[in-house]
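Q: My structure is stored as structure-v6.cif, with mmCIF, C-alpha atoms and all ligand atoms.
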data_final
#
loop_
_atom_site.label_atom_id
_atom_site.label_comp_id
_atom_site.auth_asym_id
_atom_site.auth_seq_id
_atom_site.Cartn_x
_atom_site.Cartn_y
_atom_site.Cartn_z
CA MET D 1 44.15 41.85 20.27
CA PRO D 2 45.76 43.39 23.39
CA LEU D 3 43.99 43.02 26.72
CA SER D 4 43.29 46.38 28.29
CA PRO D 5 44.31 46.21 31.95
CA GLY D 6 41.67 47.36 34.38
CA ALA D 7 38.67 47.45 32.00
CA THR D 8 36.77 44.79 33.94
CA ASN D 9 33.24 43.97 32.88
CA THR D 10 31.15 44.12 36.07
CA THR D 11 27.97 42.80 34.37
CA MET D 12 29.70 39.54 33.47
CA LYS D 13 28.36 37.55 36.42
CA THR D 14 27.71 34.17 34.83
CA ILE D 15 29.98 32.47 32.33
CA GLY D 16 28.94 29.43 30.33
CA VAL D 17 31.40 26.91 28.95
CA LEU D 18 30.91 24.13 26.41
CA THR D 19 32.97 21.76 24.29
CA SER D 20 31.88 21.03 20.73
CA GLY D 21 32.94 18.93 17.72
CA GLY D 22 35.51 16.14 17.97
CA ASP D 23 36.92 15.83 21.48
CA ALA D 24 40.61 16.60 21.98
CA PRO D 25 42.99 15.74 24.84
CA GLY D 26 43.49 18.93 26.84
CA MET D 27 39.85 20.02 26.77
CA ASN D 28 39.48 19.11 30.46
CA PRO D 29 42.45 21.24 31.60
CA ALA D 30 40.90 24.10 29.58
CA ILE D 31 37.47 23.66 31.22
CA ARG D 32 39.15 23.51 34.61
CA ALA D 33 41.09 26.72 33.93
CA VAL D 34 37.91 28.49 32.79
CA VAL D 35 36.13 27.45 35.99
CA ARG D 36 38.94 28.28 38.37
CA THR D 37 39.68 31.65 36.78
CA ALA D 38 36.02 32.64 36.67
CA LEU D 39 35.43 31.64 40.31
CA GLN D 40 38.57 33.49 41.31
CA GLN D 41 37.09 36.60 39.67
CA GLY D 42 33.76 36.19 41.51
CA CYS D 43 31.72 34.77 38.61
CA LYS D 44 29.41 31.78 38.53
CA VAL D 45 30.18 29.09 35.90
CA ILE D 46 27.58 27.07 34.04
CA GLY D 47 28.77 23.95 32.23
CA ILE D 48 26.70 23.24 29.11
CA ASN D 49 26.69 19.51 28.37
CA ASN D 50 26.87 17.89 24.95
CA GLY D 51 28.04 20.89 22.91
CA PHE D 52 25.66 23.48 21.48
CA ASP D 53 22.85 20.89 21.75
CA GLY D 54 22.93 21.40 25.52
CA ILE D 55 21.83 25.03 25.02
CA PHE D 56 18.59 23.90 23.36
CA ASP D 57 18.04 21.00 25.73
CA GLY D 58 18.77 23.07 28.86
CA ASP D 59 21.34 20.39 29.73
CA ILE D 60 23.40 22.49 32.12
CA GLU D 61 25.00 22.30 35.54
CA GLU D 62 26.79 24.74 37.78
CA LEU D 63 30.50 23.91 37.93
CA ASN D 64 32.78 24.26 40.92
CA SER D 65 36.43 23.48 41.56
CA ARG D 66 35.58 20.28 43.41
CA LEU D 67 33.72 18.79 40.46
CA LEU D 68 36.83 19.36 38.36
CA SER D 69 39.42 18.40 40.93
CA GLU D 70 40.51 15.09 39.35
CA MET D 71 40.18 16.12 35.73
CA ILE D 72 43.43 17.71 34.63
CA ASP D 73 44.93 14.38 33.55
CA ARG D 74 41.88 12.97 31.79
CA GLY D 75 41.46 12.79 28.02
CA GLY D 76 38.15 13.55 26.29
CA THR D 77 35.82 16.15 27.75
CA ILE D 78 33.81 15.89 30.95
CA LEU D 79 31.20 18.20 29.40
CA GLN D 80 30.77 15.80 26.46
CA SER D 81 30.53 16.99 22.91
CA SER D 82 28.40 16.88 19.77
CA ARG D 83 28.24 18.29 16.26
CA CYS D 84 25.05 20.32 16.57
CA LYS D 85 23.06 20.40 13.30
CA ARG D 86 20.75 23.18 14.58
CA PHE D 87 23.73 25.52 14.73
CA TYR D 88 24.26 25.25 10.97
CA GLN D 89 21.01 27.18 10.33
CA PRO D 90 20.44 30.92 10.97
CA GLU D 91 17.14 30.16 12.79
CA GLY D 92 18.96 27.69 15.06
CA LEU D 93 21.61 30.29 15.87
CA ASP D 94 18.94 32.91 16.67
CA GLU D 95 17.19 30.42 18.90
CA GLY D 96 20.49 29.46 20.56
CA ARG D 97 21.22 33.11 21.29
CA ARG D 98 17.74 33.51 22.90
CA ARG D 99 18.16 30.34 24.96
CA LEU D 100 21.52 31.54 26.33
CA GLN D 101 19.82 34.74 27.49
CA GLU D 102 17.02 32.75 29.13
CA LEU D 103 19.62 30.60 30.89
CA GLY D 104 21.13 33.79 32.35
CA ILE D 105 24.51 33.30 30.69
CA HIS D 106 26.31 36.62 30.13
CA GLY D 107 29.46 35.34 28.47
CA LEU D 108 30.29 32.06 26.74
CA VAL D 109 33.52 30.11 26.23
CA VAL D 110 33.34 27.72 23.26
CA ILE D 111 36.05 25.06 23.14
CA GLY D 112 36.28 23.25 19.80
CA GLY D 113 37.46 23.15 16.22
CA ASP D 114 36.69 25.00 13.04
CA GLY D 115 32.93 24.31 12.91
CA SER D 116 32.45 25.05 16.61
CA LEU D 117 34.30 28.35 16.41
CA THR D 118 32.19 29.29 13.36
CA GLY D 119 29.20 28.81 15.68
CA ALA D 120 30.94 31.02 18.26
CA ARG D 121 31.50 33.73 15.65
CA GLU D 122 27.82 33.59 14.65
CA LEU D 123 26.73 33.99 18.27
CA ALA D 124 29.06 36.97 18.64
CA ARG D 125 27.52 38.50 15.52
CA ARG D 126 24.17 38.15 17.29
CA GLY D 127 25.40 40.16 20.25
CA MET D 128 26.54 37.37 22.58
CA ALA D 129 29.81 37.88 24.44
CA VAL D 130 31.87 34.88 23.26
CA VAL D 131 35.50 33.81 23.34
CA GLY D 132 36.55 30.63 21.52
CA ILE D 133 39.35 28.22 22.34
CA PRO D 134 40.77 26.21 19.42
CA ALA D 135 40.76 22.50 20.28
CA SER D 136 41.03 19.88 17.57
CA ILE D 137 43.65 17.27 16.84
CA ASP D 138 43.60 18.39 13.18
CA ASN D 139 45.47 21.68 13.82
CA ASP D 140 43.55 23.22 10.94
CA MET D 141 42.57 26.54 12.54
CA ALA D 142 44.24 29.56 10.96
CA GLY D 143 45.57 32.19 13.35
CA THR D 144 47.07 29.86 15.93
CA GLU D 145 50.26 27.83 15.78
CA MET D 146 48.69 25.04 17.80
CA ALA D 147 45.26 23.90 18.92
CA ILE D 148 44.58 21.89 22.06
CA GLY D 149 44.94 18.14 21.46
CA VAL D 150 47.37 18.21 18.54
CA ASP D 151 50.44 17.44 20.61
CA THR D 152 48.87 14.47 22.39
CA ALA D 153 47.53 13.04 19.13
CA ALA D 154 50.93 13.47 17.46
CA ASN D 155 52.63 11.69 20.36
CA THR D 156 50.12 8.82 20.16
CA ILE D 157 50.70 8.47 16.42
CA MET D 158 54.45 8.60 16.96
CA GLU D 159 54.28 5.76 19.48
CA MET D 160 52.12 3.69 17.12
CA LEU D 161 54.43 4.34 14.16
CA ASP D 162 57.46 3.30 16.21
CA ARG D 163 55.70 0.04 17.06
CA ILE D 164 54.76 -0.55 13.45
CA ARG D 165 58.36 0.13 12.40
CA ASP D 166 59.46 -2.75 14.69
CA THR D 167 57.32 -5.27 12.90
CA ALA D 168 57.93 -3.70 9.46
CA ARG D 169 61.68 -4.02 10.02
CA SER D 170 61.35 -7.63 11.17
CA HIS D 171 59.46 -8.64 8.05
CA ARG D 172 61.04 -6.25 5.54
CA ARG D 173 57.57 -4.95 4.78
CA CYS D 174 56.12 -1.69 3.60
CA PHE D 175 53.42 -0.24 5.87
CA LEU D 176 50.86 2.35 4.91
CA ILE D 177 49.44 4.11 7.97
CA GLU D 178 46.35 6.25 7.67
CA VAL D 179 46.15 9.09 10.19
CA MET D 180 43.40 11.57 11.01
CA GLY D 181 43.40 15.30 10.31
CA ARG D 182 40.39 15.83 8.06
CA ASN D 183 41.65 18.22 5.33
CA SER D 184 44.85 19.02 7.15
CA GLY D 185 48.13 17.16 6.66
CA TYR D 186 49.73 18.53 9.83
CA LEU D 187 49.60 15.27 11.82
CA ALA D 188 50.78 13.22 8.84
CA LEU D 189 53.66 15.53 7.98
CA THR D 190 54.98 16.09 11.50
CA THR D 191 54.75 12.44 12.52
CA ALA D 192 56.40 11.37 9.26
CA ILE D 193 59.27 13.67 10.24
CA SER D 194 59.48 12.57 13.89
CA CYS D 195 59.30 8.87 13.01
CA GLY D 196 61.63 8.97 10.04
CA ALA D 197 59.00 7.78 7.57
CA GLU D 198 60.00 7.53 3.93
CA ILE D 199 56.82 9.00 2.46
CA ALA D 200 54.08 11.41 3.63
CA VAL D 201 50.92 11.82 1.57
CA LEU D 202 49.21 15.12 2.33
CA PRO D 203 45.92 16.71 1.26
CA GLU D 204 47.63 20.06 0.64
CA TYR D 205 49.95 18.75 -2.12
CA PHE D 206 49.74 16.60 -5.22
CA TYR D 207 51.33 13.27 -4.46
CA ASN D 208 53.52 11.87 -7.21
CA MET D 209 52.64 8.18 -7.56
CA LYS D 210 55.37 7.51 -10.12
CA ARG D 211 58.01 8.73 -7.67
CA ILE D 212 56.45 6.87 -4.74
CA VAL D 213 56.43 3.55 -6.61
CA ARG D 214 59.97 4.08 -7.92
CA LEU D 215 61.25 4.94 -4.44
CA LEU D 216 59.65 1.85 -2.86
CA ASN D 217 60.89 -0.48 -5.62
CA GLU D 218 64.44 0.86 -5.61
CA ARG D 219 64.69 0.85 -1.84
CA PHE D 220 63.53 -2.74 -1.61
CA GLN D 221 65.67 -3.95 -4.48
CA LYS D 222 68.84 -2.25 -3.22
CA THR D 223 68.59 -2.75 0.51
CA ARG D 224 65.61 -5.04 1.29
CA ASP D 225 64.63 -2.33 3.76
CA ASN D 226 61.19 -1.77 5.23
CA SER D 227 59.31 1.43 4.37
CA ILE D 228 56.74 3.56 6.14
CA ILE D 229 54.17 5.68 4.31
CA VAL D 230 52.05 8.07 6.39
CA LEU D 231 48.80 8.84 4.63
CA ALA D 232 46.58 11.75 5.73
CA GLU D 233 42.93 10.69 5.69
CA GLY D 234 42.04 13.84 3.73
CA VAL D 235 43.72 12.36 0.62
CA CYS D 236 41.83 9.06 0.49
CA ASP D 237 41.51 5.91 2.58
CA ALA D 238 44.34 3.41 2.93
CA TYR D 239 42.67 0.75 0.81
CA THR D 240 42.16 3.15 -2.11
CA PHE D 241 45.75 4.37 -1.89
CA ILE D 242 47.19 0.86 -2.04
CA THR D 243 44.95 0.11 -5.02
CA ARG D 244 46.35 3.22 -6.76
CA MET D 245 49.91 2.15 -5.92
CA LYS D 246 49.32 -1.25 -7.52
CA GLU D 247 47.69 0.35 -10.56
CA GLU D 248 50.77 2.52 -11.07
CA ARG D 249 53.08 -0.47 -10.69
CA GLY D 250 50.93 -2.59 -12.94
CA GLY D 251 50.41 -5.34 -10.35
CA ASP D 252 51.54 -6.50 -6.94
CA PHE D 253 54.78 -5.20 -5.39
CA GLU D 254 57.68 -7.55 -4.80
CA GLN D 255 57.70 -6.32 -1.19
CA GLU D 256 54.73 -7.20 1.02
CA ILE D 257 52.49 -4.25 1.87
CA ARG D 258 50.31 -3.95 4.97
CA LYS D 259 48.03 -1.16 6.04
CA THR D 260 46.95 0.20 9.44
CA VAL D 261 44.18 2.70 10.04
CA LEU D 262 44.86 4.28 13.42
CA GLY D 263 41.35 5.71 13.81
CA HIS D 264 39.97 7.11 17.06
CA VAL D 265 42.86 5.85 19.17
CA GLN D 266 44.45 9.14 18.03
CA ARG D 267 41.79 11.21 19.81
CA GLY D 268 41.97 9.62 23.25
CA GLY D 269 44.55 9.42 25.98
CA ILE D 270 46.18 11.38 28.75
CA PRO D 271 46.94 14.94 27.61
CA THR D 272 50.64 15.68 27.29
CA HIS D 273 52.35 18.40 29.33
CA PHE D 274 52.11 20.69 26.30
CA ASP D 275 48.36 20.17 25.90
CA ARG D 276 47.69 20.59 29.62
CA MET D 277 49.64 23.84 29.63
CA LEU D 278 47.91 25.05 26.47
CA GLY D 279 44.52 24.16 27.96
CA CYS D 280 45.36 26.05 31.17
CA ARG D 281 46.72 29.08 29.30
CA PHE D 282 43.83 29.28 26.84
CA GLY D 283 41.16 28.68 29.52
CA GLU D 284 42.54 31.39 31.76
CA LEU D 285 42.95 33.84 28.89
CA ALA D 286 39.41 33.24 27.57
CA VAL D 287 37.88 34.25 30.91
CA THR D 288 40.27 37.15 31.43
CA GLY D 289 39.31 38.32 27.94
CA LEU D 290 35.56 38.08 28.58
CA LEU D 291 35.96 40.02 31.83
CA GLN D 292 37.82 42.71 29.92
CA GLN D 293 34.97 42.99 27.40
CA GLU D 294 36.68 41.08 24.62
CA THR D 295 34.24 39.18 22.40
CA GLY D 296 34.10 37.56 18.96
CA CYS D 297 37.66 36.38 19.36
CA MET D 298 39.58 33.18 20.08
CA THR D 299 42.67 32.36 22.05
CA ALA D 300 45.70 31.68 19.88
CA LEU D 301 49.32 30.69 20.19
CA SER D 302 51.46 33.17 18.31
CA LYS D 303 55.26 32.96 18.46
CA GLY D 304 54.81 30.89 21.61
CA ARG D 305 52.62 33.50 23.36
CA ALA D 306 48.95 33.04 24.28
CA THR D 307 46.96 35.89 22.78
CA LEU D 308 43.48 36.77 21.49
CA ILE D 309 42.65 37.05 17.80
CA ASP D 310 39.48 38.24 16.08
CA LEU D 311 37.36 35.31 14.84
CA GLU D 312 36.45 37.33 11.75
CA GLN D 313 40.11 37.13 10.70
CA VAL D 314 40.26 33.39 11.19
CA ILE D 315 37.04 31.67 10.15
CA GLY D 316 37.08 30.47 6.55
CA ARG D 317 40.81 31.04 6.19
CA LYS D 318 42.89 28.04 5.11
CA LYS D 319 45.86 27.12 7.26
CA HIS D 320 48.89 26.29 5.13
CA PRO D 321 51.67 23.96 6.23
CA ALA D 322 54.58 26.04 7.53
CA PRO D 323 57.23 26.43 4.78
CA GLU D 324 59.89 25.61 7.35
CA LEU D 325 58.31 22.18 7.96
CA LEU D 326 58.18 21.47 4.24
CA ARG D 327 61.83 22.43 3.83
CA LEU D 328 62.68 20.18 6.76
CA ALA D 329 60.80 17.25 5.23
CA ARG D 330 62.47 17.87 1.88
CA ASN D 331 65.97 18.03 3.40
CA LEU D 332 65.32 14.90 5.44
CA GLN D 333 64.45 13.22 2.13
CA ILE D 334 60.82 12.49 2.89
CA GLU D 335 58.84 12.13 -0.32
CA PHE D 336 55.74 14.30 0.16
CA GLY D 337 54.72 15.17 -3.35
CA ASP D 338 54.96 18.28 -5.43
CA PRO D 339 54.75 21.71 -3.86
CA VAL D 340 51.79 22.67 -6.00
CA GLU D 341 48.89 23.59 -3.82
CA LEU D 342 45.57 21.90 -4.54
O1 LIG D 401 38.11 16.81 13.64
C1 LIG D 401 38.65 15.80 14.42
C2 LIG D 401 38.49 14.47 13.76
O2 LIG D 401 39.04 13.47 14.59
C3 LIG D 401 39.05 14.35 12.34
O3 LIG D 401 40.43 14.17 12.34
C4 LIG D 401 38.27 13.17 11.81
O4 LIG D 401 38.17 13.21 10.41
C5 LIG D 401 36.92 13.37 12.44
O5 LIG D 401 37.11 14.17 13.59
C6 LIG D 401 36.23 12.10 12.84
O6 LIG D 401 34.97 12.43 13.29
P1 LIG D 401 34.02 11.42 14.05
O7 LIG D 401 34.55 11.23 15.44
O8 LIG D 401 32.70 12.11 14.04
O9 LIG D 401 34.04 10.13 13.30
#
Show the structure stored in the file as C-alpha cells.
Ligand code: F6P
A:
Amino acid sequence: MPLSPGATNTTMKTIGVLTSGGDAPGMNPAIRAVVRTALQQGCKVIGINNGFDGIFDGDIEELNSRLLSEMIDRGGTILQSSRCKRFYQPEGLDEGRRRLQELGIHGLVVIGGDGSLTGARELARRGMAVVGIPASIDNDMAGTEMAIGVDTAANTIMEMLDRIRDTARSHRRCFLIEVMGRNSGYLALTTAISCGAEIAVLPEYFYNMKRIVRLLNERFQKTRDNSIIVLAEGVCDAYTFITRMKEERGGDFEQEIRKTVLGHVQRGGIPTHFDRMLGCRFGELAVTGLLQQETGCMTALSKGRATLIDLEQVIGRKKHPAPELLRLARNLQIEFGDPVEL
C-alpha cells in the first residue's frame, strides 16, 4: 500500500497505542517510535495499558518522550500486555470501538501478534482508524518477512543451544530441546540451521520417526557423537516426543537422552539491533500511515523494505516456511521430516 505524500490527516489529533498478546523484545522501541513520530507531527499520544483490556478499564496515560527515554534497550513492553477475552466477541468489539471514541482517540496503533491484529482488523471494520504492527516471537504472521521479537528470540535460543551442545558433546548425549512458536516452526527450523542441529521437528511437516530413530542409532554407533533435536512446541511437548521415540525403537536408546524446555526465557531479554531497528521503522511508519489516512493495515517487511499491507489480505492466511530455508536445511543434512504439508 503506497503512502501518498502530502495527504495529511488534520483531524488525527490524538493517537492511542497499545501492546497485546505475548510480549516480544522490540515492542518498547516500537512504542517509543510511535510516540516520538506522533509528537513530532503535533499529535498527542495516549498509551493504553494492559492490551485491549485497558480500553474497557480506562487504564490510559498520556505518553511523552521523557517517559520513554530509557526504554529502547528494554525487553518486554512498558505498556504491559494481555490476551483480552472481550475482544473475541462482536459485542466486546462494538463496546471497545465506543470506548475509544469516548477516550477521544482518533487513531490507534496495535502492536501484537495474530490474535491482536485480528482485533485491529475488527476495529477498522467498525470505522476506527487503525494500523497494526506485527510483534510476536512466533513469526507466524503472513504478509511480513519478520515480526518484532523474532530475531531476539532466535538469538536467545541459539545461545542456549550452543550451551547445551557443550554439555551434550562432553557426555556423548542426545538432547531434545523444545522451543516456542505456537503453530509455527520458524524458530525451530532457523535455530536448528544456525546451531547445526541434526534434527528439526516442525508443525508444518510430518516428522518421520523411523528415520529419526535410525539416524540417532547409526550416528551413535558409528561415531559416539552427541545429537541435537530441536522440537517446535506446536508438534507436541518434549516428554511426549521422547516417549514416541522410545516406542519406535522398542525400548530405551543406547545413547542417553536428555530434554530441555526453554520456555519463557525465549520471550525476554534485550532486543537485538535488528529488533530495535524493526521496532523503530514499524513504529514510525504506523504513525506516518495514520496521518496519511491509511487504516485497516499493518506494517510489514517485504524484500527488506518497511511497507504497509492491508489486514484483510493477511488475517487468517497461513504463513508457510520459505522454500529456500527448507532447501537449505535439506542440503545441510538436517532431518526435518517429509515435505508433505499437514
Ligand atoms: O505467541 C507467543 C508465545 O510465546 C508462543 O510461542 C507460546 O506458545 C505462547 O505465546 C505462550 O503463551 P503464554 O505466555 O500465555 O504462556
Q: Write out as number ranges by chain which residues come within 12 Å of Ile78 in chain D when counting all atoms listed in the file, dropping same-chain ones fewer than 6 positions away.
A: D: 17-20, 23-32, 47-51, 61, 63, 67-72
Q: Let me have all residues with an atom within 9 Å of ligand LIG 401 (chain D), counting all atoms listed in the file, laid out as a PyMOL selection string.
A: chain D and resi 21-24+82-83+113-114+136-140+179-184+233-234+263-264+266-267
Q: Nearest to Met209 in chain D: which of D:Glu247, D:Ser194, D:Ile148, D:Asp275 is it, counting only C-alpha atoms?
A: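 Using only C-alpha atoms, the shortest distance to Met209 in chain D belongs to D:Glu247.
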Q: May I have the protein, DNA and RNA residues with any atom at most 12 Å from the point (44.4, 7.1, 4.9), counting all atoms listed in the file, written as a VMD selection string?
A: chain D and resid 175 to 183 185 187 to 188 200 to 203 229 to 242 259 to 263
Q: Please compute the CA of Thr307 in chain D-CA of Thr288 in chain D distance, one decimal, in Å.
A: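 Computed distance, CA of Thr307 in chain D to CA of Thr288 in chain D, equals 11.0 Å.
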Q: Add whatever atoms are absent from range 58-83 of chain D to reach N, CA, C and O atoms, and provide the output as a PDB file, in the frame of the given file.
A:
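Output file result17.pdb is given in full below:
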ATOM      1  N   GLY D  58      18.661  22.599  27.466  1.00  0.00           N
ATOM      2  CA  GLY D  58      18.770  23.070  28.860  1.00  0.00           C
ATOM      3  C   GLY D  58      19.594  22.088  29.689  1.00  0.00           C
ATOM      4  O   GLY D  58      19.393  21.955  30.902  1.00  0.00           O
ATOM      5  N   ASP D  59      20.531  21.391  29.033  1.00  0.00           N
ATOM      6  CA  ASP D  59      21.340  20.390  29.730  1.00  0.00           C
ATOM      7  C   ASP D  59      22.562  21.082  30.345  1.00  0.00           C
ATOM      8  O   ASP D  59      23.638  21.123  29.751  1.00  0.00           O
ATOM      9  N   ILE D  60      22.349  21.663  31.505  1.00  0.00           N
ATOM     10  CA  ILE D  60      23.400  22.490  32.120  1.00  0.00           C
ATOM     11  C   ILE D  60      23.602  22.124  33.578  1.00  0.00           C
ATOM     12  O   ILE D  60      22.736  21.519  34.208  1.00  0.00           O
ATOM     13  N   GLU D  61      24.756  22.487  34.103  1.00  0.00           N
ATOM     14  CA  GLU D  61      25.000  22.300  35.540  1.00  0.00           C
ATOM     15  C   GLU D  61      26.003  23.356  36.006  1.00  0.00           C
ATOM     16  O   GLU D  61      26.891  23.759  35.238  1.00  0.00           O
ATOM     17  N   GLU D  62      25.822  23.769  37.260  1.00  0.00           N
ATOM     18  CA  GLU D  62      26.790  24.740  37.780  1.00  0.00           C
ATOM     19  C   GLU D  62      28.086  23.997  38.091  1.00  0.00           C
ATOM     20  O   GLU D  62      28.074  22.896  38.636  1.00  0.00           O
ATOM     21  N   LEU D  63      29.211  24.580  37.722  1.00  0.00           N
ATOM     22  CA  LEU D  63      30.500  23.910  37.930  1.00  0.00           C
ATOM     23  C   LEU D  63      31.244  24.556  39.103  1.00  0.00           C
ATOM     24  O   LEU D  63      31.183  25.770  39.294  1.00  0.00           O
ATOM     25  N   ASN D  64      31.924  23.720  39.861  1.00  0.00           N
ATOM     26  CA  ASN D  64      32.780  24.260  40.920  1.00  0.00           C
ATOM     27  C   ASN D  64      34.113  23.524  40.892  1.00  0.00           C
ATOM     28  O   ASN D  64      34.265  22.506  40.204  1.00  0.00           O
ATOM     29  N   SER D  65      35.068  24.039  41.606  1.00  0.00           N
ATOM     30  CA  SER D  65      36.430  23.480  41.560  1.00  0.00           C
ATOM     31  C   SER D  65      36.435  22.012  41.965  1.00  0.00           C
ATOM     32  O   SER D  65      37.197  21.216  41.434  1.00  0.00           O
ATOM     33  N   ARG D  66      35.569  21.651  42.913  1.00  0.00           N
ATOM     34  CA  ARG D  66      35.580  20.280  43.410  1.00  0.00           C
ATOM     35  C   ARG D  66      35.184  19.280  42.326  1.00  0.00           C
ATOM     36  O   ARG D  66      35.799  18.223  42.174  1.00  0.00           O
ATOM     37  N   LEU D  67      34.179  19.661  41.556  1.00  0.00           N
ATOM     38  CA  LEU D  67      33.720  18.790  40.460  1.00  0.00           C
ATOM     39  C   LEU D  67      34.852  18.505  39.474  1.00  0.00           C
ATOM     40  O   LEU D  67      34.890  17.484  38.821  1.00  0.00           O
ATOM     41  N   LEU D  68      35.772  19.465  39.368  1.00  0.00           N
ATOM     42  CA  LEU D  68      36.830  19.360  38.360  1.00  0.00           C
ATOM     43  C   LEU D  68      38.162  18.958  38.947  1.00  0.00           C
ATOM     44  O   LEU D  68      39.176  18.967  38.257  1.00  0.00           O
ATOM     45  N   SER D  69      38.145  18.565  40.235  1.00  0.00           N
ATOM     46  CA  SER D  69      39.420  18.400  40.930  1.00  0.00           C
ATOM     47  C   SER D  69      40.294  17.290  40.353  1.00  0.00           C
ATOM     48  O   SER D  69      41.496  17.371  40.369  1.00  0.00           O
ATOM     49  N   GLU D  70      39.699  16.236  39.806  1.00  0.00           N
ATOM     50  CA  GLU D  70      40.510  15.090  39.350  1.00  0.00           C
ATOM     51  C   GLU D  70      40.554  15.031  37.816  1.00  0.00           C
ATOM     52  O   GLU D  70      40.686  13.959  37.249  1.00  0.00           O
ATOM     53  N   MET D  71      40.423  16.140  37.170  1.00  0.00           N
ATOM     54  CA  MET D  71      40.180  16.120  35.730  1.00  0.00           C
ATOM     55  C   MET D  71      41.371  16.515  34.865  1.00  0.00           C
ATOM     56  O   MET D  71      41.342  16.303  33.662  1.00  0.00           O
ATOM     57  N   ILE D  72      42.383  17.111  35.459  1.00  0.00           N
ATOM     58  CA  ILE D  72      43.430  17.710  34.630  1.00  0.00           C
ATOM     59  C   ILE D  72      44.173  16.664  33.784  1.00  0.00           C
ATOM     60  O   ILE D  72      44.684  16.963  32.712  1.00  0.00           O
ATOM     61  N   ASP D  73      44.175  15.420  34.261  1.00  0.00           N
ATOM     62  CA  ASP D  73      44.930  14.380  33.550  1.00  0.00           C
ATOM     63  C   ASP D  73      44.033  13.459  32.724  1.00  0.00           C
ATOM     64  O   ASP D  73      44.475  12.422  32.246  1.00  0.00           O
ATOM     65  N   ARG D  74      42.785  13.852  32.535  1.00  0.00           N
ATOM     66  CA  ARG D  74      41.880  12.970  31.790  1.00  0.00           C
ATOM     67  C   ARG D  74      41.687  13.431  30.355  1.00  0.00           C
ATOM     68  O   ARG D  74      41.488  14.613  30.092  1.00  0.00           O
ATOM     69  N   GLY D  75      41.741  12.473  29.411  1.00  0.00           N
ATOM     70  CA  GLY D  75      41.460  12.790  28.020  1.00  0.00           C
ATOM     71  C   GLY D  75      39.975  13.031  27.814  1.00  0.00           C
ATOM     72  O   GLY D  75      39.193  12.970  28.762  1.00  0.00           O
ATOM     73  N   GLY D  76      39.570  13.303  26.583  1.00  0.00           N
ATOM     74  CA  GLY D  76      38.150  13.550  26.290  1.00  0.00           C
ATOM     75  C   GLY D  76      37.682  14.853  26.911  1.00  0.00           C
ATOM     76  O   GLY D  76      38.478  15.755  27.180  1.00  0.00           O
ATOM     77  N   THR D  77      36.372  14.945  27.114  1.00  0.00           N
ATOM     78  CA  THR D  77      35.820  16.150  27.750  1.00  0.00           C
ATOM     79  C   THR D  77      34.725  15.765  28.727  1.00  0.00           C
ATOM     80  O   THR D  77      33.780  15.056  28.349  1.00  0.00           O
ATOM     81  N   ILE D  78      34.839  16.244  29.955  1.00  0.00           N
ATOM     82  CA  ILE D  78      33.810  15.890  30.950  1.00  0.00           C
ATOM     83  C   ILE D  78      32.467  16.537  30.604  1.00  0.00           C
ATOM     84  O   ILE D  78      31.434  16.081  31.077  1.00  0.00           O
ATOM     85  N   LEU D  79      32.478  17.566  29.770  1.00  0.00           N
ATOM     86  CA  LEU D  79      31.200  18.200  29.400  1.00  0.00           C
ATOM     87  C   LEU D  79      30.537  17.464  28.233  1.00  0.00           C
ATOM     88  O   LEU D  79      29.423  17.803  27.839  1.00  0.00           O
ATOM     89  N   GLN D  80      31.223  16.519  27.657  1.00  0.00           N
ATOM     90  CA  GLN D  80      30.770  15.800  26.460  1.00  0.00           C
ATOM     91  C   GLN D  80      30.609  16.758  25.279  1.00  0.00           C
ATOM     92  O   GLN D  80      30.638  17.975  25.469  1.00  0.00           O
ATOM     93  N   SER D  81      30.451  16.162  24.108  1.00  0.00           N
ATOM     94  CA  SER D  81      30.530  16.990  22.910  1.00  0.00           C
ATOM     95  C   SER D  81      29.582  16.464  21.833  1.00  0.00           C
ATOM     96  O   SER D  81      29.183  15.290  21.859  1.00  0.00           O
ATOM     97  N   SER D  82      29.236  17.322  20.904  1.00  0.00           N
ATOM     98  CA  SER D  82      28.400  16.880  19.770  1.00  0.00           C
ATOM     99  C   SER D  82      28.664  17.811  18.588  1.00  0.00           C
ATOM    100  O   SER D  82      29.297  18.851  18.741  1.00  0.00           O
ATOM    101  N   ARG D  83      28.223  17.387  17.424  1.00  0.00           N
ATOM    102  CA  ARG D  83      28.240  18.290  16.260  1.00  0.00           C
ATOM    103  C   ARG D  83      26.781  18.684  16.051  1.00  0.00           C
ATOM    104  O   ARG D  83      25.989  17.903  15.544  1.00  0.00           O
TER     105      ARG D  83
END
